[in-house]
Amino acid sequence: MTNKKVSVELTQEYLAEFLYQNVNLPKEELLGISKKFLDQLSKKLKTSDIESSIFSSLEDASHTQPIYVNGLKFVSLCKHHLMPYFGSVNIAVMPKNKIAGISQFNKLIETLSNSLSLQEELTKNICIRINEALDADGVFVQLKANHLCSEIKNNNNAVSEIVTTYSSGIYELDFNLRTEATLNFS
C-alpha cells in the first residue's frame, strides 16, 4: 500500500470519527460519507497544467471591438475556510486582433477554480490569463459569488453576494469602458 493511499484511508477514518462525535449516525455510514466527501474534494482540487492549448485563440478570426461573455458558472474552495464559494463570472475583452471560442472561457474558469483560492485571486488570475493568451488591449473581469463560510457562520446575517473585479490594459485606464462593460454584464 502506498503512503498516499494509507494517508487517505487514515483521513477517512479521522473524518468519520470527528463526525461520529458530532452527529447521530452509525460509524459505517459515516465512513461511507467520509469517503464520498474526500473523493469529491480530491476531484475538485485536481488541477491540470494551464497550457496555452486550454485557452487558445481562433486563428482565422479577428475582432477589434469589445466582446462580453456573461454568466459563466463556477465553484471554487475558499483557502481560508475550505468551504465552497460559487457564482458567475462576467468578462469584457477589448481584443487587438485575436479572439477565442466561448468554450475556451469556460475551460479556463473551470481550471482556475479547481484549487484553494480567494475570490479576489481567482478574479485576478482569470483576467491575467485571458489578457496573456489573447494579447488583448484590455480585459475586465467581474466575479459574483456566494460564500458558504459566511452562510454557515452567520446564518441570519450572511452576506448574500460578494462582487470582485479586476481589469488590465485599457480597462484600467478608461472609466467609461468599465462602465459600458458593467452595463453589458447581465
# chains A, B, ... in the order shown; residues from 1 in each chain; ligands from 1
>>> select_by_dssp(residues="segment 8-174 of chain A", states="strand (DSSP E)", output="PyMOL selection string")
chain A and resi 57-62+67-78+84-94+98-100+116-117+138-147+162-169
>>> residues_around(residues="Glu59 of chain A", least_positions_apart="3", cutoff="9 Å", atoms="only C-alpha atoms", output="PyMOL selection string")
chain A and resi 56+62+98-100
>>> atom_distance(atom1="atom CA of Ser117 of chain A", atom2="atom CA of Leu77 of chain A")
6.3 Å
>>> closest_atom_pairs(of="segment 13-126 of chain A", to="segment 169-177 of chain A", cutoff="9 Å", atoms="only C-alpha atoms", output="Markdown table")
| residue | atom | partner | partner_atom | distance |
| --- | --- | --- | --- | --- |
| A:Ala92 | CA | A:Tyr171 | CA | 8.9 |
| A:Val93 | CA | A:Tyr171 | CA | 8.9 |
| A:Met94 | CA | A:Ile170 | CA | 7.9 |
>>> write_last_selection(atoms="N, CA and C atoms", output="CSV table (one decimal), in the first residue's frame")
chain,number,residue,atom,x,y,z
A,92,ALA,N,-15.2,41.1,-20.0
A,92,ALA,CA,-15.2,42.0,-21.2
A,92,ALA,C,-13.8,41.9,-21.7
A,93,VAL,N,-13.6,41.8,-23.0
A,93,VAL,CA,-12.3,41.7,-23.7
A,93,VAL,C,-12.3,42.8,-24.8
A,94,MET,N,-11.3,43.6,-24.8
A,94,MET,CA,-11.1,44.5,-25.9
A,94,MET,C,-9.9,43.9,-26.7
>>> select_by_dssp(residues="segment 7-73 of chain A", states="alpha helix (DSSP H)", output="JSON, numbers by chain")
{"A": [7, 8, 9, 10, 11, 12, 13, 14, 15, 16, 17, 18, 19, 20, 21, 22, 27, 28, 29, 30, 31, 32, 33, 34, 35, 36, 37, 38, 39, 40, 41, 42, 43, 44, 45]}
>>> atom_distance(atom1="atom CA of Tyr68 of chain A", atom2="atom CA of Leu118 of chain A")
23.8 Å
>>> closest_residue(among="A:Ser103, A:Asn90, A:Asn24, A:Thr11", to="Asn184 of chain A", atoms="only C-alpha atoms")
A:Asn90
>>> atom_distance(atom1="atom CA of Ile102 of chain A", atom2="atom CA of Leu58 of chain A")
10.3 Å
>>> closest_residue(among="A:Ser168, A:Thr179, A:Gln12, A:Ser42", to="Asn114 of chain A", atoms="only C-alpha atoms")
A:Ser42
